[in-house]
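Student: Before anything else, here's the structure in question.
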Amino acid sequence: MATNVIMFGWNRAHPGRESAAMEQFQEFAAHLGALQSKGEIDSFEPILFVPGGGTLNGFFLIRGDHGGLDALMATDAWRSHVMRSMLHLDGLTIMRGSTGEALQENLGLWAGHASKLARSP
């Protein structure tokens, strides 16, 4: 079961680069599908938001274990997708997160530090 995630998000395509952005969206989805088939990631899900005036209009949620996602982000293919995305996507955002057991561990760590702050003058 996946304990970590990567959010690969964007606001919108740069004006005039919509076709390139769509082409890369399809290539990135195919790349993630191949990684899932090989067991290098647990799963992925593309999400598009209904337009609402925000700065995040879509993202891929990529699930896997911590080491597997570290390895993914160290590949030439990942770096290439990131560099290409920077050329035609506005608001490119890549964030790491935790879920499942890792989320519980991180919340426990946070709660321990928060309780120390509550006791300090």
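Chain identifiers are assigned as A, B, and so on, following the order in which chains appear in the structure tokens; residues are numbered from 1 within each chain, and ligands are numbered from 1 in order of appearance.
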Based on DSSP run over this structure's backbone, return all residues of chain A in strand (DSSP E or B), as a PyMOL selection string.
Tutor: chain A and resi 4-10+12-13+43-48+58-64+89-90+93-98
Student: Using only C-alpha atoms, what does the table of range 13-43 of chain A residues within 8 Å of range 68-92 of chain A look like, with each row giving the shortest atom pair and its distance in Å to one decimal, sorted by chain and ascending number, as a tab-separated table?
Tutor:
residue	atom	partner	partner_atom	distance
A:Ala13	CA	A:Leu89	CA	4.4
A:His14	CA	A:His88	CA	5.2
A:Arg17	CA	A:His88	CA	5.6
A:Glu18	CA	A:His88	CA	7.6
A:Ala20	CA	A:His88	CA	7.0
A:Ala21	CA	A:His88	CA	6.0
A:Gln24	CA	A:Ser85	CA	7.7
A:Phe28	CA	A:His81	CA	7.2
A:Glu40	CA	A:Gly68	CA	6.3
A:Ile41	CA	A:Gly68	CA	6.6
Student: Which residues, written as a ChimeraX atom specification, have at least one atom at most 8 Å from Leu56 in chain A, with only C-alpha atoms counted and residues fewer than 3 positions away on the same chain left out?
Tutor: /A:9-11,49,59,91
Student: Which residue, A:Ser98, A:Gly16, A:Gly108, A:Met7, has the smallest gap to Gly58 in chain A when you use only C-alpha atoms?
Tutor: A:Met7
Student: Taking the DSSP assignment computed from this structure's backbone, write out as a ChimeraX atom specification all residues of chain A that belong to helix (DSSP H, G or I).
Tutor: /A:18-37,66-73,76-88,100-119
Student: One number please: CA of Arg96 in chain A to CA of Phe44 in chain A, in Å, one decimal.
Tutor: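 Computing it gives 13.7 Å between the two atoms.
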Student: Any idea what the distance is between CA of Asp42 in chain A and CA of Glu27 in chain A?
Tutor: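 Computing it gives 18.4 Å between the two atoms.
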Student: Find the residues near Gln104 in chain A: any atom within 12 Å, counting only C-alpha atoms, skip ones fewer than 6 places away on the same chain, and give them as a list in words.
Tutor: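 The neighbour list is Thr3, Asn4, Gly97, Ser98, Trp110 and Ala111 of chain A.
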